[in-house]
Every structure is written in structure tokens, then in C-alpha cells.
file upload.txt (compact mmCIF, C-alpha atoms and all ligand atoms)
# COMPACT_ATOMS: atom_id res chain seq x y z
CA MET A 174 -55.82 -4.76 -85.58
CA LYS A 175 -57.00 -5.28 -82.03
CA VAL A 176 -55.17 -7.81 -79.84
CA ILE A 177 -56.48 -9.04 -76.50
CA THR A 178 -53.69 -10.47 -74.36
CA VAL A 179 -54.64 -12.77 -71.50
CA VAL A 180 -52.18 -13.04 -68.61
CA GLY A 181 -52.62 -14.18 -65.02
CA ALA A 182 -49.46 -15.67 -63.50
CA ARG A 183 -46.06 -14.20 -62.59
CA PRO A 184 -44.02 -15.57 -65.53
CA GLN A 185 -46.63 -14.28 -67.96
CA PHE A 186 -46.24 -10.71 -66.74
CA ILE A 187 -42.50 -10.96 -67.37
CA LYS A 188 -43.01 -12.29 -70.90
CA ALA A 189 -45.74 -9.72 -71.64
CA ALA A 190 -43.42 -6.88 -70.58
CA VAL A 191 -41.20 -7.30 -73.63
CA VAL A 192 -43.87 -8.39 -76.12
CA SER A 193 -46.27 -5.55 -75.21
CA GLU A 194 -43.43 -3.10 -75.72
CA ALA A 195 -42.77 -4.54 -79.18
CA LEU A 196 -46.48 -4.42 -80.05
CA LYS A 197 -46.71 -0.68 -79.40
CA GLY A 198 -47.41 1.03 -82.72
CA VAL A 199 -48.15 -2.32 -84.39
CA CYS A 200 -51.64 -2.90 -83.06
CA GLU A 201 -54.08 -1.87 -80.38
CA GLU A 202 -53.41 -4.18 -77.44
CA LYS A 203 -55.64 -4.58 -74.40
CA ILE A 204 -54.49 -6.69 -71.49
CA VAL A 205 -56.83 -8.95 -69.56
CA HIS A 206 -55.51 -10.07 -66.15
CA THR A 207 -57.37 -13.15 -64.98
CA GLY A 208 -56.36 -12.54 -61.37
CA GLN A 209 -54.79 -16.02 -61.06
CA HIS A 210 -51.91 -14.38 -59.17
CA TYR A 211 -53.08 -11.50 -56.99
CA ASP A 212 -50.65 -10.87 -54.10
CA ALA A 213 -48.89 -7.55 -54.68
CA ASN A 214 -45.50 -9.32 -54.84
CA MET A 215 -46.84 -11.87 -57.36
CA SER A 216 -48.57 -9.36 -59.62
CA ASP A 217 -48.56 -5.55 -59.09
CA VAL A 218 -44.79 -5.34 -58.63
CA PHE A 219 -44.25 -6.61 -62.18
CA PHE A 220 -46.67 -4.14 -63.77
CA GLU A 221 -45.07 -1.28 -61.82
CA GLU A 222 -41.41 -2.19 -62.35
CA LEU A 223 -41.54 -3.45 -65.91
CA GLY A 224 -43.80 -0.80 -67.41
CA ILE A 225 -46.45 -3.29 -68.56
CA PRO A 226 -49.60 -1.50 -69.73
CA LYS A 227 -52.26 -1.45 -67.01
CA PRO A 228 -54.78 -4.25 -67.60
CA ALA A 229 -58.00 -3.06 -69.23
CA TYR A 230 -59.77 -5.81 -67.29
CA ASN A 231 -58.97 -7.65 -64.07
CA LEU A 232 -61.24 -10.64 -63.81
CA GLY A 233 -60.39 -11.28 -60.14
CA VAL A 234 -60.64 -15.05 -60.47
CA GLY A 235 -58.06 -15.87 -57.79
CA SER A 236 -57.16 -19.32 -56.51
CA GLY A 237 -59.20 -22.51 -56.69
CA THR A 238 -59.24 -26.07 -57.96
CA HIS A 239 -58.32 -26.47 -61.63
CA GLY A 240 -61.93 -26.82 -62.79
CA HIS A 241 -63.26 -23.91 -60.78
CA GLN A 242 -60.38 -21.61 -61.59
CA THR A 243 -60.25 -22.42 -65.30
CA GLY A 244 -64.04 -22.49 -65.65
CA GLU A 245 -64.50 -19.07 -64.09
CA MET A 246 -61.76 -17.65 -66.31
CA LEU A 247 -63.37 -19.18 -69.39
CA MET A 248 -66.75 -17.56 -68.67
CA LYS A 249 -65.30 -14.17 -67.85
CA ILE A 250 -62.87 -14.10 -70.78
CA GLU A 251 -65.72 -15.00 -73.14
CA ASP A 252 -67.67 -11.96 -71.92
CA VAL A 253 -64.67 -9.72 -72.61
CA LEU A 254 -64.14 -11.19 -76.08
CA LEU A 255 -67.82 -10.76 -76.98
CA ALA A 256 -67.65 -7.11 -75.92
CA GLU A 257 -64.24 -6.31 -77.43
CA LYS A 258 -64.39 -8.36 -80.66
CA PRO A 259 -60.59 -8.60 -81.06
CA ASP A 260 -58.83 -9.83 -84.20
CA VAL A 261 -56.29 -11.84 -82.21
CA LEU A 262 -56.09 -13.42 -78.76
CA LEU A 263 -52.54 -13.62 -77.41
CA VAL A 264 -51.52 -16.03 -74.64
CA TYR A 265 -48.24 -17.10 -73.01
CA GLY A 266 -46.92 -20.37 -71.72
CA ASP A 267 -48.90 -23.09 -70.02
CA THR A 268 -50.96 -21.94 -67.05
CA ASN A 269 -54.68 -22.22 -66.46
CA SER A 270 -54.97 -18.61 -67.68
CA THR A 271 -53.38 -19.72 -70.98
CA ILE A 272 -55.81 -22.54 -71.73
CA ALA A 273 -58.81 -20.51 -70.56
CA GLY A 274 -57.91 -17.64 -72.90
CA ALA A 275 -57.16 -19.91 -75.84
CA LEU A 276 -60.31 -21.98 -75.44
CA ALA A 277 -62.63 -18.99 -75.01
CA ALA A 278 -61.22 -17.41 -78.19
CA SER A 279 -61.11 -20.59 -80.23
CA LYS A 280 -64.81 -21.30 -79.61
CA LEU A 281 -65.61 -17.79 -80.84
CA HIS A 282 -63.41 -18.30 -83.95
CA ILE A 283 -60.95 -15.65 -82.82
CA PRO A 284 -57.44 -16.70 -83.94
CA VAL A 285 -55.09 -17.54 -81.07
CA ALA A 286 -51.41 -16.57 -80.94
CA HIS A 287 -49.44 -18.75 -78.52
CA VAL A 288 -46.09 -17.47 -77.29
CA GLU A 289 -43.85 -20.28 -75.99
CA ALA A 290 -45.56 -22.89 -78.16
CA GLY A 291 -44.27 -26.43 -78.65
CA LEU A 292 -42.73 -27.11 -75.26
CA ARG A 293 -43.20 -30.63 -73.99
CA SER A 294 -42.24 -32.58 -70.88
CA TYR A 295 -44.14 -35.63 -72.16
CA ASN A 296 -45.56 -35.95 -68.65
CA MET A 297 -49.30 -35.60 -69.07
CA ARG A 298 -49.87 -35.61 -65.31
CA MET A 299 -48.52 -32.07 -65.20
CA PRO A 300 -51.28 -29.47 -65.42
CA GLU A 301 -48.88 -27.37 -67.49
CA GLU A 302 -48.41 -30.15 -70.07
CA GLN A 303 -52.18 -30.50 -70.45
CA ASN A 304 -52.54 -26.74 -70.84
CA ARG A 305 -49.78 -26.35 -73.40
CA VAL A 306 -50.71 -29.35 -75.57
CA LEU A 307 -54.35 -28.25 -75.74
CA THR A 308 -53.43 -24.62 -76.39
CA ASP A 309 -51.06 -25.54 -79.21
CA HIS A 310 -53.72 -27.61 -80.91
CA ILE A 311 -56.18 -24.69 -81.06
CA SER A 312 -53.66 -21.96 -81.92
CA HIS A 313 -53.37 -20.18 -85.24
CA TRP A 314 -49.90 -18.74 -84.67
CA LEU A 315 -47.41 -20.82 -82.71
CA PHE A 316 -44.35 -18.80 -81.69
CA CYS A 317 -41.65 -21.29 -80.68
CA PRO A 318 -38.71 -20.43 -78.43
CA THR A 319 -36.46 -23.26 -79.68
CA GLN A 320 -35.98 -25.61 -82.62
CA THR A 321 -36.87 -28.48 -80.26
CA ALA A 322 -40.28 -26.86 -79.77
CA VAL A 323 -40.78 -26.65 -83.55
CA ASP A 324 -39.83 -30.33 -83.85
CA ASN A 325 -42.18 -31.32 -81.03
CA LEU A 326 -45.08 -29.66 -82.83
CA LYS A 327 -44.18 -31.39 -86.08
CA LYS A 328 -44.40 -34.76 -84.31
CA GLU A 329 -48.00 -33.86 -83.45
CA GLY A 330 -48.75 -32.84 -87.04
CA ILE A 331 -48.68 -29.10 -86.35
CA VAL A 332 -46.68 -27.21 -88.97
CA GLN A 333 -48.97 -24.45 -90.17
CA GLY A 334 -48.57 -21.15 -88.35
CA VAL A 335 -45.40 -22.36 -86.61
CA GLN A 336 -42.57 -19.84 -86.36
CA LEU A 337 -39.21 -20.14 -84.62
CA THR A 338 -38.80 -16.77 -82.91
CA GLY A 339 -36.44 -17.50 -80.03
CA ASP A 340 -37.36 -17.11 -76.39
CA VAL A 341 -38.98 -13.90 -75.18
CA MET A 342 -37.48 -14.58 -71.74
CA LEU A 343 -34.03 -14.06 -73.23
CA ASP A 344 -35.18 -10.66 -74.54
CA SER A 345 -36.45 -9.94 -71.08
CA VAL A 346 -33.22 -10.89 -69.30
CA LEU A 347 -31.04 -8.97 -71.76
CA HIS A 348 -33.11 -5.83 -71.30
CA PHE A 349 -34.00 -5.90 -67.60
CA LEU A 350 -30.69 -7.16 -66.19
CA GLU A 351 -29.09 -3.92 -67.37
CA VAL A 352 -31.99 -1.92 -65.93
CA ALA A 353 -31.55 -3.72 -62.59
CA ARG A 354 -27.79 -3.19 -62.53
CA ARG A 355 -28.24 0.53 -63.05
CA ASN A 356 -30.67 0.81 -60.12
CA PRO A 357 -28.88 1.28 -56.76
CA GLN A 358 -32.15 0.70 -54.86
CA LYS A 359 -32.36 -2.81 -56.29
CA ALA A 360 -28.70 -3.58 -55.63
CA ALA A 361 -29.36 -2.78 -51.96
CA ILE A 362 -31.03 -6.17 -51.63
CA PHE A 363 -27.66 -7.85 -50.98
CA GLU A 364 -26.99 -5.71 -47.94
CA ALA A 365 -30.59 -5.96 -46.76
CA LEU A 366 -30.39 -9.77 -46.85
CA GLY A 367 -26.85 -9.96 -45.51
CA ILE A 368 -25.53 -11.90 -48.49
CA ALA A 369 -22.48 -11.39 -50.68
CA PRO A 370 -22.27 -12.10 -54.43
CA LYS A 371 -21.37 -15.76 -55.22
CA GLN A 372 -21.54 -16.68 -51.52
CA TYR A 373 -25.08 -18.08 -51.62
CA ARG A 374 -27.27 -20.48 -53.59
CA LEU A 375 -30.69 -19.39 -54.83
CA ALA A 376 -33.68 -21.75 -54.75
CA THR A 377 -37.36 -21.62 -55.70
CA LEU A 378 -40.04 -24.29 -55.28
CA HIS A 379 -43.65 -24.15 -56.35
CA ARG A 380 -44.53 -26.91 -58.78
CA ALA A 381 -47.44 -29.19 -57.94
CA GLU A 382 -45.23 -32.30 -58.25
CA THR A 383 -43.02 -30.84 -55.50
CA THR A 384 -45.71 -29.66 -53.10
CA ASP A 385 -47.95 -32.70 -53.68
CA GLY A 386 -45.35 -34.68 -51.70
CA GLY A 387 -46.36 -32.57 -48.68
CA LEU A 388 -44.17 -31.77 -45.69
CA GLU A 389 -42.12 -34.92 -46.16
CA ALA A 390 -41.02 -33.91 -49.67
CA ILE A 391 -40.04 -30.40 -48.55
CA VAL A 392 -38.10 -31.79 -45.57
CA ARG A 393 -36.18 -34.12 -47.92
CA ILE A 394 -35.23 -31.19 -50.15
CA PHE A 395 -34.33 -28.93 -47.24
CA ARG A 396 -32.12 -31.62 -45.66
CA ALA A 397 -29.98 -31.39 -48.78
CA PHE A 398 -29.99 -27.58 -48.70
CA GLU A 399 -28.96 -27.68 -45.03
CA GLN A 400 -25.76 -29.57 -45.89
CA LEU A 401 -24.58 -27.22 -48.64
CA PRO A 402 -21.55 -25.07 -47.85
CA GLN A 403 -23.30 -21.80 -48.82
CA ARG A 404 -26.51 -20.40 -47.48
CA VAL A 405 -29.63 -21.21 -49.55
CA LEU A 406 -31.83 -18.21 -50.17
CA ILE A 407 -35.46 -19.02 -51.08
CA PRO A 408 -37.89 -16.34 -52.27
CA ILE A 409 -40.82 -18.53 -51.37
CA HIS A 410 -43.84 -18.91 -53.66
CA PRO A 411 -47.14 -18.58 -51.73
CA ARG A 412 -48.09 -22.15 -52.69
CA THR A 413 -45.10 -23.51 -50.75
CA ARG A 414 -44.80 -21.03 -47.90
CA LYS A 415 -46.69 -22.95 -45.22
CA LEU A 416 -44.89 -26.23 -45.91
CA ALA A 417 -41.51 -24.50 -45.96
CA GLU A 418 -42.17 -22.76 -42.64
CA GLN A 419 -43.37 -26.03 -41.10
CA ALA A 420 -40.27 -27.87 -42.33
CA ILE A 421 -37.97 -25.24 -40.81
CA ALA A 422 -39.89 -25.18 -37.50
CA GLN A 423 -39.86 -28.98 -37.28
CA GLU A 424 -36.24 -29.62 -38.28
CA GLY A 425 -34.58 -26.40 -37.10
CA PHE A 426 -32.70 -25.79 -40.35
CA HIS A 427 -30.14 -22.97 -40.12
CA ASN A 428 -28.75 -22.81 -43.63
CA ILE A 429 -32.03 -21.85 -45.30
CA GLN A 430 -33.21 -18.26 -45.57
CA LEU A 431 -36.84 -17.87 -46.59
CA ILE A 432 -37.85 -14.50 -47.97
CA ASP A 433 -41.01 -13.13 -49.59
CA PRO A 434 -41.18 -13.33 -53.39
CA VAL A 435 -39.16 -10.48 -54.90
CA GLY A 436 -39.72 -8.30 -57.96
CA TYR A 437 -38.15 -9.30 -61.27
CA LEU A 438 -35.31 -6.77 -61.14
CA GLU A 439 -34.17 -7.99 -57.73
CA MET A 440 -34.63 -11.57 -58.87
CA LEU A 441 -32.32 -11.01 -61.84
CA LEU A 442 -29.65 -9.58 -59.53
CA LEU A 443 -30.06 -12.48 -57.10
CA THR A 444 -29.83 -15.03 -59.93
CA SER A 445 -26.86 -13.53 -61.71
CA ASN A 446 -24.89 -13.33 -58.45
CA ALA A 447 -25.76 -16.78 -57.09
CA CYS A 448 -23.10 -19.49 -57.20
CA GLN A 449 -25.82 -22.01 -58.06
CA VAL A 450 -29.58 -22.13 -58.65
CA LEU A 451 -31.77 -24.99 -57.39
CA THR A 452 -35.32 -24.87 -58.69
CA ASP A 453 -38.41 -26.56 -60.04
CA SER A 454 -39.31 -23.42 -62.02
CA GLY A 455 -39.38 -23.46 -65.79
CA GLY A 456 -38.36 -19.84 -66.17
CA LEU A 457 -35.65 -19.74 -63.54
CA GLN A 458 -33.68 -22.73 -64.85
CA LYS A 459 -33.46 -20.92 -68.18
CA GLU A 460 -32.52 -17.59 -66.67
CA ALA A 461 -29.71 -19.35 -64.83
CA TRP A 462 -28.55 -20.75 -68.17
CA PHE A 463 -28.69 -17.30 -69.84
CA MET A 464 -26.55 -15.88 -67.03
CA GLU A 465 -24.13 -18.83 -66.98
CA VAL A 466 -25.05 -19.79 -63.44
CA PRO A 467 -25.05 -23.58 -62.88
CA CYS A 468 -28.51 -24.97 -62.14
CA ILE A 469 -29.91 -28.07 -60.47
CA THR A 470 -33.48 -28.64 -61.61
CA LEU A 471 -35.51 -30.45 -58.99
CA ARG A 472 -37.65 -32.41 -61.43
CA LYS A 473 -37.66 -35.66 -63.37
CA GLU A 474 -37.81 -33.93 -66.75
CA THR A 475 -37.35 -30.54 -68.35
CA GLU A 476 -38.95 -28.93 -71.37
CA TRP A 477 -35.78 -26.88 -71.83
CA VAL A 478 -33.54 -29.77 -72.88
CA GLU A 479 -30.95 -27.44 -74.43
CA THR A 480 -29.94 -26.28 -70.96
CA LEU A 481 -28.74 -29.80 -70.11
CA ASP A 482 -25.82 -29.55 -72.56
CA GLY A 483 -22.49 -29.59 -70.75
CA ASN A 484 -24.14 -29.97 -67.31
CA TRP A 485 -25.10 -26.31 -67.02
CA ASN A 486 -28.41 -27.68 -65.85
CA VAL A 487 -28.87 -31.16 -64.34
CA LEU A 488 -32.01 -32.90 -63.17
CA ALA A 489 -32.19 -34.20 -59.62
CA ASP A 490 -34.71 -36.54 -58.03
CA LEU A 491 -36.47 -35.17 -55.00
CA THR A 492 -34.29 -37.12 -52.57
CA THR A 493 -31.80 -35.62 -50.13
CA GLU A 494 -28.97 -37.76 -51.53
CA ASP A 495 -29.52 -36.99 -55.21
CA ILE A 496 -29.92 -33.25 -54.66
CA LEU A 497 -26.81 -33.12 -52.49
CA GLN A 498 -24.73 -35.22 -54.82
CA LYS A 499 -25.70 -33.16 -57.90
CA ALA A 500 -25.43 -29.81 -56.12
CA LEU A 501 -21.95 -30.56 -54.78
CA HIS A 502 -20.36 -32.48 -57.63
CA THR A 503 -21.71 -31.16 -60.93
CA VAL A 504 -19.10 -29.31 -62.95
CA PRO A 505 -20.42 -27.44 -65.99
CA ASP A 506 -18.40 -27.53 -69.19
CA PRO A 507 -17.57 -24.04 -70.54
CA ALA A 508 -17.01 -25.55 -74.00
CA ALA A 509 -20.74 -26.33 -74.22
CA ARG A 510 -21.69 -22.65 -74.29
CA GLY A 511 -21.11 -21.93 -78.00
CA LYS A 512 -24.67 -22.42 -79.26
CA LEU A 513 -27.58 -19.98 -79.21
CA PRO A 514 -30.58 -22.30 -78.83
CA PHE A 515 -32.85 -19.57 -77.46
CA GLY A 516 -32.44 -17.09 -80.31
CA ASP A 517 -30.82 -13.70 -80.56
CA GLY A 518 -32.78 -11.72 -77.98
CA LYS A 519 -35.21 -10.35 -80.59
CA ALA A 520 -38.06 -12.82 -80.19
CA SER A 521 -40.58 -10.16 -79.19
CA GLN A 522 -39.80 -8.13 -82.27
CA LYS A 523 -40.30 -11.20 -84.48
CA ILE A 524 -43.67 -11.86 -82.86
CA ALA A 525 -44.73 -8.25 -83.39
CA GLU A 526 -43.58 -8.39 -87.02
CA ALA A 527 -45.57 -11.59 -87.63
CA LEU A 528 -48.72 -9.99 -86.22
CA LYS A 529 -48.04 -6.82 -88.24
CA ARG A 530 -47.86 -8.86 -91.44
CA GLU A 531 -51.26 -10.25 -90.49
CA THR A 532 -52.63 -6.72 -90.00
CA GLU A 533 -51.42 -5.76 -93.46
CA ARG A 534 -52.88 -8.92 -94.96
CA VAL A 535 -56.36 -8.35 -93.54
CA SER A 536 -56.51 -4.56 -94.15
C1 LIG B 1 -49.18 -21.38 -61.55
C2 LIG B 1 -49.16 -22.24 -62.81
C3 LIG B 1 -47.74 -22.78 -63.02
C4 LIG B 1 -46.73 -21.66 -63.00
C5 LIG B 1 -46.88 -20.80 -61.74
C6 LIG B 1 -45.98 -19.60 -61.83
C7 LIG B 1 -51.23 -23.46 -63.34
C8 LIG B 1 -51.91 -24.75 -63.31
N1 LIG B 1 -50.05 -23.38 -62.70
O1 LIG B 1 -48.87 -22.23 -60.45
O2 LIG B 1 -47.68 -23.43 -64.27
O3 LIG B 1 -45.45 -22.23 -63.03
O4 LIG B 1 -48.24 -20.34 -61.66
O5 LIG B 1 -45.73 -19.07 -60.57
O6 LIG B 1 -51.72 -22.52 -63.92
N2 LIG B 1 -51.37 -18.08 -54.10
C9 LIG B 1 -51.38 -17.00 -53.26
N3 LIG B 1 -51.27 -15.76 -53.84
C10 LIG B 1 -51.17 -15.55 -55.17
C11 LIG B 1 -51.16 -16.67 -56.01
C12 LIG B 1 -51.26 -17.93 -55.46
O7 LIG B 1 -51.48 -17.13 -52.06
O8 LIG B 1 -51.06 -14.38 -55.61
C13 LIG B 1 -51.44 -19.43 -53.48
C14 LIG B 1 -52.86 -19.95 -53.30
O9 LIG B 1 -52.88 -20.69 -52.12
C15 LIG B 1 -53.03 -20.87 -54.49
C16 LIG B 1 -51.64 -21.42 -54.68
O10 LIG B 1 -50.77 -20.36 -54.34
O11 LIG B 1 -53.98 -21.88 -54.25
C17 LIG B 1 -51.36 -21.89 -56.08
O12 LIG B 1 -51.62 -20.86 -57.02
P1 LIG B 1 -52.02 -21.23 -58.53
O13 LIG B 1 -52.10 -20.00 -59.36
O14 LIG B 1 -53.19 -22.13 -58.56
O15 LIG B 1 -50.82 -22.12 -59.00
P2 LIG B 1 -49.26 -21.82 -58.99
O16 LIG B 1 -48.62 -22.81 -58.09
O17 LIG B 1 -49.03 -20.39 -58.72
N1 LIG B 2 -39.32 -14.64 -60.16
C1 LIG B 2 -39.41 -13.38 -59.58
N2 LIG B 2 -39.45 -13.29 -58.21
C2 LIG B 2 -39.38 -14.39 -57.40
C3 LIG B 2 -39.29 -15.65 -58.01
C4 LIG B 2 -39.27 -15.74 -59.39
O1 LIG B 2 -39.46 -12.37 -60.27
O2 LIG B 2 -39.42 -14.21 -56.18
C5 LIG B 2 -39.30 -14.73 -61.63
C6 LIG B 2 -38.16 -15.55 -62.20
O3 LIG B 2 -37.00 -14.75 -62.33
C7 LIG B 2 -38.73 -15.98 -63.54
C8 LIG B 2 -40.19 -16.16 -63.23
O4 LIG B 2 -40.45 -15.44 -62.03
O5 LIG B 2 -38.62 -14.95 -64.50
C9 LIG B 2 -40.48 -17.61 -63.05
O6 LIG B 2 -41.75 -17.77 -62.55
P1 LIG B 2 -42.21 -19.06 -61.77
O7 LIG B 2 -41.05 -19.81 -61.27
O8 LIG B 2 -43.23 -18.60 -60.80
O9 LIG B 2 -42.99 -19.87 -62.90
P2 LIG B 2 -42.52 -20.87 -64.07
O10 LIG B 2 -41.46 -20.21 -64.86
O11 LIG B 2 -42.09 -22.12 -63.41
O12 LIG B 2 -43.79 -21.09 -64.83
call {"tool": "encode", "arguments": {"input": "upload.txt", "output": "C-alpha cells"}}
result
Amino acid sequence: MKVITVVGARPQFIKAAVVSEALKGVCEEKIVHTGQHYDANMSDVFFEELGIPKPAYNLGVGSGTHGHQTGEMLMKIEDVLLAEKPDVLLVYGDTNSTIAGALAASKLHIPVAHVEAGLRSYNMRMPEEQNRVLTDHISHWLFCPTQTAVDNLKKEGIVQGVQLTGDVMLDSVLHFLEVARRNPQKAAIFEALGIAPKQYRLATLHRAETTDGGLEAIVRIFRAFEQLPQRVLIPIHPRTRKLAEQAIAQEGFHNIQLIDPVGYLEMLLLTSNACQVLTDSGGLQKEAWFMEVPCITLRKETEWVETLDGNWNVLADLTTEDILQKALHTVPDPAARGKLPFGDGKASQKIAEALKRETERVS
């Protein structure tokens, strides 16, 4: 069986790292990189560090408005699919690369496997919500990270092809955190940044809802960060860099340390050693939960509702007061940690097994 996997954005490389490993020996997999993320520290570093197979194609689509970016991906992915004639098209998550891959395949009657299916914020203004709802509705296999995701799909009448596998990001954390801890070069990041374990907070910001508020929104967030007792370290996403630099130049914040985006191994070390995470990222709020680091999610809703149990993750409005109040006064409840809502760390294996069963069925 031939699988074409379409990836394009940072979190998809991280998810593909563990799934591609599990697919070895199960099928022939070729990776198509749309080029949605292209800076070396948003793309190459993950392929190099995580041993992801080199993409067979890089479509070089780059940045653009939603229509231009998604449209160019759709045309170029179609060309690849016509040439390669795969049996399965595999996509991850909810980015423009996800919907472009799924739509190109679906129109050619190539069955789509969606990893991280069934997530919902129920906020259709989010580009990610549009992408994931549409992708789920044209997918043949829907690999769900949580029972909530399975239930969400059921509410939309999708039950066929749905499988609860657990979250591949848990597999990824369990595997790569150990790899990172064993690598003294990666551990050197603490000294290089002048930070000590548990003496800093870690933040990331990149979501459209955050940056759409412009400089004013970033200043409001940074005013809260400025008043926190520990330094706030921000590996800054390229989407937010200019606004963040402007905010610091304008307001003269001292408690905020902007750094370039880091590789995944360093990011795992920075997350596991932070005393708190503040983020609008989907992946990072979950990684914080996996590592038992309290998290403040700078959004009105989360798709990962399980993380809210016992205040390990709390939502904050994008106001200085709400962020500060939640960051300073939230106390997580250790008793809420008993459950395993994200599976057993073997999601990738389950996905590979499901696709293997399909190979055996068709051969
Ligand atoms: C995308 C996804 C989002 C995901 C995020 C992961 C969509 C609609 N959004 O958001 O769901 O959470 O990736 O990080 O697919 N840029 C660079 N260099 C790069 C990549 C981006 O400079 O390598 C800058 C460009 O100015 C670009 C902007 O970042 O316009 C936004 O990039 P884009 O891929 O459109 O969206 P993300 O915010 O990265
Ligand atoms: N990440 C990383 N380096 C960074 C920032 C984030 O490796 O400088 C990782 C993070 O640990 C998580 C993933 O990128 O695994 C999350 O990606 P992002 O926040 O860009 O997207 P989202 O998860 O919100 O779609």
C-alpha cells in the first residue's frame, strides 16, 4: 500500500515524526511538504532532529492569504496525487495544508486518513475550525485523540471509520523528552539563555485571534507578563515577531525575553522545566498538561477540554487583568491527574495497525 502524507506546518512535522516511524515496514510512505512553514527553525530543524523521512516533494507554497495559499496547495497536491496514485492520503490536524491535502485526494476518490480528527472549538471564525470540520467530513479514517473527539463526530453524524487511538503528541512527548534529556547539547540552552529550571514562565503566541488584535492586543498581554514574578521566555513565532518587538520597543518591557523559535527537543526541555506555560497554541497547552506544568491558555475556548480538569489548564481573556489574575492565582489540583484522556502513548502504533489491516483487506 502506498501512503502519501501531506504536512506543511510545525506541529505536523512533530506528529509525523512518530507516525512515520510506526508506518515503516507497514506501507510505502512518501511525504509531501507543502512549504507552508519554510524558515529553517520552523521546518528543517524538525526533519533533522526528529529523523522524519526527507520529503519526496516540497511544493514551496509559502505564505499568503488563505485562498491563495490553500488554492496553490490544492493544485500542486493534485499533480502529485495524479502522478503517484497512492492508496491513502494521510493528513494531520487543522491547517491549510490539511484541508488542501484532504480536498485534493477526496476529489480524486483517494481515501483520506485524518489524524487528530474530531476536535472542535465550536468557533467557526477560526480558520482551524473550518479546516478540521471540512476535513473530517471528507475523511475515510478518522483517528481521534480523545473520547470527546469521538463524541463530537457522532454529533455530526460521523461514526463510520472513527477510531479512538489516543493522541500522537503524547507518543511524541514520551519518546522525545527522553531523547532531549540525554542530549547535553540541548540541555545547554538553559545556560545559553541565562535561565534556571522552574525560575521562568514559558509563553508562545501565534494564533490569528491573538495577532488580529494588532499591537494593542500584544501590549495588553505583555503588560500582564511584565508584572509576573518570574521572567517570561517567548520563542516567538514569525507571525508575531514584528508586533512583539514593537510592543517591547514602545513600552520598554524588561521581564520578557524574546528568542527565535527553537527545535522540538529544546522546546520539550523548556516546557518541562517552566513553572508555568502561557500560550494560545493547541499543541503546547497539551504538552504542558502531559508534563504536569500548569498552563494558562490565552483563548476563549479550547478543543482540549480534558486539560481544564482540576485547573491544570485555565482559559484567560486577552486582557491584562484576566491574564495576571489567572497566572498568579490558579492552583492546580493534583487529585485531578488520575485519568488518561489522551491514551497510552501508543496512538501511532494503532494508526499504523489500522492502515495495515486495510492493506491486508485490499491485497
Ligand atoms: C499555521 C496554522 C495554525 C497552526 C500554526 C502552527 C493555518 C490557517 N494556520 O498558522 O493552525 O497553529 O501554523 O504554527 O494553517 N511565517 C514566516 N516563516 C515561516 C512561516 C510563517 O515568516 O516559516 C510568517 C509569514 O509572515 C506568514 C505568517 O508567519 O504570513 C503566518 O504563517 P501561516 O502558515 O499562514 O500561519 P501560522 O500562523 O503559522
Ligand atoms: N514548538 C517548538 N518550538 C517552538 C515553539 C513550539 O518546537 O519554538 C512546538 C511545541 O512544543 C508543540 C508545537 O510546536 O509541539 C506546537 O506548534 P504551534 O504552537 O506552532 O501550533 P499549534 O499546536 O497551535 O497548531
call {"tool": "residues_near_ligand", "arguments": {"input": "upload.txt", "ligand": "ligand LIG 2 (chain B)", "cutoff": "7 Å", "atoms": "only C-alpha atoms and all ligand atoms", "output": "list in words"}}
result
Arg183, Pro184, Ile187, Thr377, Pro408, Ile409, His410, Asp433, Pro434, Val435, Gly436, Tyr437, Met440, Leu441, Asp453, Ser454, Gly455, Gly456, Leu457 and Glu460 of chain A
call {"tool": "closest_residue", "arguments": {"input": "upload.txt", "among": "A:Asp385, A:Glu251, A:Glu201, A:Asp324", "to": "ligand LIG 1 (chain B)", "atoms": "only C-alpha atoms and all ligand atoms"}}
result
A:Asp385
call {"tool": "residues_around", "arguments": {"input": "upload.txt", "residues": "A:Gly235", "least_positions_apart": "5", "cutoff": "10 Å", "atoms": "only C-alpha atoms", "output": "MDAnalysis selection string"}}
result
chainID A and resid 181 207:212 242 245:246
call {"tool": "residues_around", "arguments": {"input": "upload.txt", "residues": "A:Glu382", "least_positions_apart": "4", "cutoff": "9 Å", "atoms": "only C-alpha atoms", "output": "NGL selection string"}}
result
:A and (299 or 386 or 472)
call {"tool": "atom_distance", "arguments": {"input": "upload.txt", "atom1": "atom CA of A:Gln498", "atom2": "atom O17 of ligand LIG 1 (chain B)"}}
result
28.7 Å
call {"tool": "residues_near_point", "arguments": {"input": "upload.txt", "point": "(-43.1, -24.4, -44.0)", "cutoff": "12 Å", "atoms": "all atoms listed in the file", "output": "PyMOL selection string"}}
result
chain A and resi 378+384+387-392+395+407+409-426+429-432
call {"tool": "atom_distance", "arguments": {"input": "upload.txt", "atom1": "atom CA of A:Met342", "atom2": "atom CA of A:Thr319"}}
result
11.8 Å
call {"tool": "residues_around", "arguments": {"input": "upload.txt", "residues": "A:His287", "least_positions_apart": "6", "cutoff": "9 Å", "atoms": "only C-alpha atoms", "output": "count of residues only"}}
result
15
call {"tool": "closest_residue", "arguments": {"input": "upload.txt", "among": "A:Thr470, A:Ser193, A:Gln336, A:Ser216", "to": "ligand LIG 1 (chain B)", "atoms": "only C-alpha atoms and all ligand atoms"}}
result
A:Ser216
call {"tool": "residues_around", "arguments": {"input": "upload.txt", "residues": "A:Pro402", "least_positions_apart": "3", "cutoff": "9 Å", "atoms": "all atoms listed in the file", "output": "list in words"}}
result
Tyr373, Phe398, Glu399, Asn428 and Leu501 of chain A
call {"tool": "atom_distance", "arguments": {"input": "upload.txt", "atom1": "atom CA of A:His241", "atom2": "atom CA of A:Val176"}}
result
26.2 Å
call {"tool": "closest_residue", "arguments": {"input": "upload.txt", "among": "A:Leu255, A:Leu350, A:Leu438, A:Gly367", "to": "A:Glu221", "atoms": "all atoms listed in the file"}}
result
A:Leu438
call {"tool": "axis_aligned_box", "arguments": {"input": "upload.txt", "around": "ligand LIG 1 (chain B)", "padding_each_side": "4 Å", "output": "AutoDock Vina command-line options"}}
result
--center_x -49.7 --center_y -19.6 --center_z -58.2 --size_x 16.5 --size_y 18.4 --size_z 20.2
call {"tool": "residues_near_point", "arguments": {"input": "upload.txt", "point": "(-40.0, -13.8, -76.4)", "cutoff": "7 Å", "atoms": "only C-alpha atoms", "output": "ChimeraX atom specification"}}
result
/A:188,192,339-344,520-521
call {"tool": "residues_around", "arguments": {"input": "upload.txt", "residues": "stretch 484-489 of chain A", "least_positions_apart": "6", "cutoff": "6 Å", "atoms": "only C-alpha atoms", "output": "list of chain:residue names"}}
result
A:Pro467, A:Cys468, A:Ile469, A:Thr470, A:Leu471, A:Arg472, A:Asp495, A:Ile496, A:Pro505
call {"tool": "closest_residue", "arguments": {"input": "upload.txt", "among": "A:His379, A:Lys249, A:Lys258, A:Lys529", "to": "ligand LIG 1 (chain B)", "atoms": "only C-alpha atoms and all ligand atoms"}}
result
A:His379
call {"tool": "closest_residue", "arguments": {"input": "upload.txt", "among": "A:Ile331, A:Ile225, A:Ile394, A:Met215", "to": "ligand LIG 1 (chain B)", "atoms": "all atoms listed in the file"}}
result
A:Met215
call {"tool": "closest_residue", "arguments": {"input": "upload.txt", "among": "A:Thr493, A:Pro300, A:Lys197, A:Leu223", "to": "A:Ala381", "atoms": "all atoms listed in the file"}}
result
A:Pro300
